[in-house]
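Reviewing the structure listed below.
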Amino acid sequence: MRLSLVLDSAAVPAWVAEVIRRLRRNPLVSIENFSIVDANAAIPPQPLLYRLYLEWDERRNRSKFNPLSRVDLSSELAGVPQVSPDEVQADAAIWLSSSPARVLAGQRLTQGVLRFVPSDPRRRTCGPPYYWELFHHEPVSGSAWELMPANGEQPSVVAEAYSATEIGWSLRQNQAVPYAKAPALLERSLYQLSGATATSALDDGPQQETSSSRSGNPATPAKSLRLGSFIGKNLRRSIQRRAAYRGKEPFWFVAYRSDPKLFVNRSEVFHRDGFQVIQAPEGSFFADPFVISHAGKSYIFLEDFPYREAKGVISVLEVGSDGQIGKPRRVLERPYHLSYPFVFEHGDSVYMIPETLGSRRIELYKATAFPSGWDLVHIFKEDIDAVDTTLWIQDGTYYFFTNIAEPGTTPNDLLYLYLADSLTGEWRSHPANPICADVRSSRSAGSLFLRGKSLIRPAQDCSVRYGYACQLNEIETLSPTEYRERPAGRIEPDWHPGLIGTHTVNSNETIEVIDGQIYKSRYE
């Protein structure tokens with residue numbers, strides 16, 4: 001696809017710089033030219049209280065990603081032709097200027113103009129992006145790339161994303177993740193426009209008002225931001241949280257049940273009954289349970305986190321013929337943290353893909369003496385911040401779902417899909433990547449499973465907090481070129497007293513396992 005960039009100048013915000021650099025690395029697009037438009041938004045004087053708040057926020061988060069800091073791209077754009085804004089010829093123009101996006105009369109664009117729209121369109125139009133979500137303590141902060149068609153039709157959302165709203169005071173922190181997701185979200189937008197799926201994708205999206213009326217305006221006087229109320233609300237929240245959770249800490253645990261008619265893979269409605277808690281050894285917690293049948297027995301693999309060691313290991317519990325759970329045995333330990341032991345049978349062997357973020361690799365282990373002996377046999381990817389890799393095999397294609405923490409984002413934000421022709425074959429990126437950019441349903445929450453004829457992908461809802469709930473998604477289309485899913489159920493943190501989170505669910509023919517999080521006194 002041939003692209004043209006529209007900028008205010010060669011000095012751009014950091015998030016814009018990453019958009020441009022990522023486009024230049026993408027072999028499927030070419031940047032034909034760029035143009036400069038005058039930024040016509042006058043910056044009004046800011047009241048003293050707001051200036052002091054911004055200075056405090058900058059000092060407090062100095063070492064963290066600042067999406068609005070300026071980056072000079074003069075040298076990187078030196079080889080790209082500069083043209084007049086009204087003489088652009090390309091498939092699409094990427095509008096990266098702070099001026100209101102528009103299709104200029106002299107432009108010759110096949111698709112139109114793509115512009116990143118920060119903040120949910122239903123939010124207030126005044127104030128800096130992502131401020132009001134922080135002010136109202138809303139669970140998510142939205143963003144999107146929208147297309148302004150060359151024929152003058154109403155703009156349409158091509159791809160959208162939702163990030164967890166930061167708890168607390170920092171506007172800069174709340175801006176970081178949504179802006180950091182913009183480059184990946186743009187690549188998905190270009191995929192939607194370039195293929196046969198573009199028409200259906202745009203038709204399914206809601207018709208929104210124009211960009212100029214939607215985007216937050218950072219130049220709005222801060223007196224309209226109710227800053228005094230913002231400070232007061234955060235003070236009250238901080239005091240209430242400290243009072244409520246004083247002397248307590250979050251604690252994960254694992255539970256199981258043995259009545260198949262209650263299992264998630266048998267019913268479209270989640271049944272809360274029948275779970276029995278598995279007690280972890282003193283000084284440890286359990287999480288991320290997976291269950292597998294092998295040689296006529298069932299085994300539960302899970303993350304075992306001894307507090308003194310400050311990292312997770314993988315342990316196994318054998319389920320007896322009477323349904324009783326045996327004592328945990330440590331089966332896999334590395335110098336770095338291990339969790340999410342995705343265990344599966346393939347051919348005549350048993351394999352595991354644990355979460356190994358600490359090694360910056362995605363690793364494959366093979367059982368040499370099941371269930372206790374495991375050897376590292378393959379490395380899928382290196383130099384990558386990836387978590388919770390989950391495999392599904394269909395029609396001879398190996399689909400690997402994995403969450404990647406790109407610079408400025410968290411592991412909960414972006415879900416990628418990779419394809420291979422065999423278990424250890426070379427990975428190919430799915431053209432629809434990232435296939436999910438919604439913090440409410442991106443991160444994997446267990447093995448994919450069939451419910452009747454429907455393929456279900458469990459996912460974590462990390463909007464309220466990490467691992468808050470499980471979102472069940474029905475995969476409607478899965479092929480080497482297309483991916484589509486829709487919501488198909490949910491597991492709220494309400495199946496056990498005092499729950500504040502639940503983020504993994506798995507089952508086999510006879511046992512279902514789940515985990516939960518509660519607040520527990522640190523002195524218990």
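To be explicit about the labels: the chains of the structure tokens are called A, B, and onward in the order shown, and within each one the residues are counted from 1, while ligands get numbers from 1 in the order they are shown.
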Counting only C-alpha atoms, what is within 8 Å of Asn433 in chain A, bar same-chain residues fewer than 2 positions away, as a list in words?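 Final neighbour list, sorted by chain and number: Ala184, Glu187, Arg188, Leu415, Tyr416, Leu417, Ser429, His430, Pro431, Ile435 and Cys436 of chain A.
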Long-range neighbours of Asp38 in chain A as an mmCIF file with C-alpha atoms, in the first residue's frame, 10 Å cut-off, only C-alpha atoms, 4 positions minimum in chain:
data_model
loop_
_atom_site.group_PDB
_atom_site.id
_atom_site.type_symbol
_atom_site.label_atom_id
_atom_site.label_comp_id
_atom_site.auth_asym_id
_atom_site.auth_seq_id
_atom_site.Cartn_x
_atom_site.Cartn_y
_atom_site.Cartn_z
ATOM 1 C CA LEU A 7 2.828 16.266 9.710
ATOM 2 C CA ASP A 8 3.090 19.566 11.551
ATOM 3 C CA SER A 9 6.869 19.499 11.155
ATOM 4 C CA SER A 97 -0.807 16.588 12.314
ATOM 5 C CA SER A 98 -2.494 18.200 15.303
ATOM 6 C CA SER A 99 -4.700 20.177 12.899
#
Which residues come within 10 Å of Phe344 in chain A, counting only C-alpha atoms, excluding same-chain residues fewer than 2 positions away, as a PyMOL selection string? chain A and resi 290-294+341-342+346+349-353+366+390-391+447
Output C-alpha atoms for every residue in that selection, as a PDB file, in the first residue's frame.
ATOM      1  CA  PHE A 290      -4.121 -26.411  33.518  1.00  0.00           C
ATOM      2  CA  VAL A 291      -5.452 -29.972  33.509  1.00  0.00           C
ATOM      3  CA  ILE A 292      -4.428 -32.883  31.285  1.00  0.00           C
ATOM      4  CA  SER A 293      -5.288 -36.580  31.100  1.00  0.00           C
ATOM      5  CA  HIS A 294      -2.425 -38.987  30.473  1.00  0.00           C
ATOM      6  CA  PRO A 341       1.964 -23.908  32.087  1.00  0.00           C
ATOM      7  CA  PHE A 342       0.132 -24.529  28.800  1.00  0.00           C
ATOM      8  CA  HIS A 346       0.999 -33.915  20.487  1.00  0.00           C
ATOM      9  CA  SER A 349       4.513 -36.925  23.569  1.00  0.00           C
ATOM     10  CA  VAL A 350       3.448 -34.305  26.103  1.00  0.00           C
ATOM     11  CA  TYR A 351       4.675 -30.730  25.741  1.00  0.00           C
ATOM     12  CA  MET A 352       4.501 -27.514  27.735  1.00  0.00           C
ATOM     13  CA  ILE A 353       4.766 -23.846  26.764  1.00  0.00           C
ATOM     14  CA  LYS A 366       8.957 -31.857  26.254  1.00  0.00           C
ATOM     15  CA  THR A 390      -1.584 -20.761  23.654  1.00  0.00           C
ATOM     16  CA  LEU A 391      -1.690 -23.238  20.756  1.00  0.00           C
ATOM     17  CA  SER A 447      -6.746 -23.326  26.468  1.00  0.00           C
TER      18      SER A 447
END
Residues at most 10 Å from Arg440 in chain A, counting only C-alpha atoms, excluding those fewer than 4 positions away in the same chain, as a PyMOL selection string? chain A and resi 139-140+161-164+412-413+436+459-464+466-471
For range 106-118 of chain A, work out the shell of residues within 6 Å, counting only C-alpha atoms and skipping chain neighbours fewer than 5 positions away, then give it as a VMD selection string. chain A and resid 86 to 95 129 143 to 150 215
Using only C-alpha atoms, find the one residue out of A:Trp169, A:Met1, A:Gly516, A:Gly195 that sits nearest to Leu54 in chain A.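 Among A:Trp169, A:Met1, A:Gly516, A:Gly195, it is A:Trp169 that comes nearest to Leu54 in chain A.
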Using only C-alpha atoms, find each residue of range 295-400 of chain A with at least one atom at most 12 Å away from an atom of range 239-253 of chain A; report its shortest atom-to-atom pair and that distance in Å (one decimal), sort the rows by chain and rising residue number, and return the result as a Markdown table.
| residue | atom | partner | partner_atom | distance |
| --- | --- | --- | --- | --- |
| A:Leu302 | CA | A:Phe253 | CA | 10.3 |
| A:Glu303 | CA | A:Phe253 | CA | 10.0 |
| A:Asp304 | CA | A:Phe253 | CA | 9.8 |
| A:Phe305 | CA | A:Trp252 | CA | 9.5 |
| A:Pro306 | CA | A:Trp252 | CA | 11.9 |
| A:Tyr307 | CA | A:Phe251 | CA | 11.0 |
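For range 369-382 of chain A, the residues within 8 Å (counting only C-alpha atoms, excluding itself and residues fewer than 6 positions away along the chain) are Val316, Arg329, Arg330, Val331, Leu332, Val350, Arg360, Arg361, Ile362, Glu363, Thr424, Glu426 and Trp427 of chain A.
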For the residues in the current selection, export N, CA and C atoms as a compact mmCIF listing (two decimals), in the first residue's frame.
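Dumped everything to again09.txt:
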# COMPACT_ATOMS: atom_id res chain seq x y z
N VAL A 316 2.96 -29.82 39.87
CA VAL A 316 1.89 -30.70 39.38
C VAL A 316 1.21 -31.36 40.57
N ARG A 329 4.07 -31.35 43.48
CA ARG A 329 5.47 -31.70 43.21
C ARG A 329 6.03 -30.68 42.23
N ARG A 330 7.16 -30.12 42.58
CA ARG A 330 7.81 -29.16 41.68
C ARG A 330 8.41 -29.92 40.50
N VAL A 331 8.05 -29.50 39.26
CA VAL A 331 8.51 -30.24 38.08
C VAL A 331 9.34 -29.39 37.12
N LEU A 332 9.25 -28.07 37.22
CA LEU A 332 10.03 -27.22 36.32
C LEU A 332 10.39 -25.93 37.03
N VAL A 350 4.10 -35.40 25.38
CA VAL A 350 3.45 -34.30 26.10
C VAL A 350 4.41 -33.12 26.12
N ARG A 360 12.82 -13.41 28.12
CA ARG A 360 12.54 -12.73 26.85
C ARG A 360 12.56 -13.74 25.69
N ARG A 361 12.01 -14.93 25.98
CA ARG A 361 11.90 -15.98 24.96
C ARG A 361 10.54 -16.67 25.14
N ILE A 362 10.12 -17.35 24.07
CA ILE A 362 8.98 -18.26 24.16
C ILE A 362 9.55 -19.65 23.98
N GLU A 363 9.42 -20.48 25.02
CA GLU A 363 10.13 -21.75 25.09
C GLU A 363 9.15 -22.94 25.03
N THR A 424 7.25 -27.15 15.60
CA THR A 424 8.50 -26.38 15.72
C THR A 424 8.83 -25.64 14.43
N GLU A 426 8.71 -22.60 11.48
CA GLU A 426 8.94 -21.15 11.54
C GLU A 426 7.62 -20.41 11.66
N TRP A 427 7.58 -19.43 12.55
CA TRP A 427 6.36 -18.65 12.76
C TRP A 427 6.20 -17.59 11.67
When DSSP works through the backbone of this structure, what residues of range 228-426 of chain A end up as strand (DSSP E), shown as a VMD selection string? chain A and resid 248 to 257 276 to 278 284 to 294 297 to 306 313 to 319 329 to 332 339 to 346 349 to 355 361 to 369 373 to 382 386 to 394 397 to 404 415 to 420
Figure out the distance between CA of Ala287 in chain A and CA of Ile518 in chain A, please, to one decimal in Å. 12.1 Å
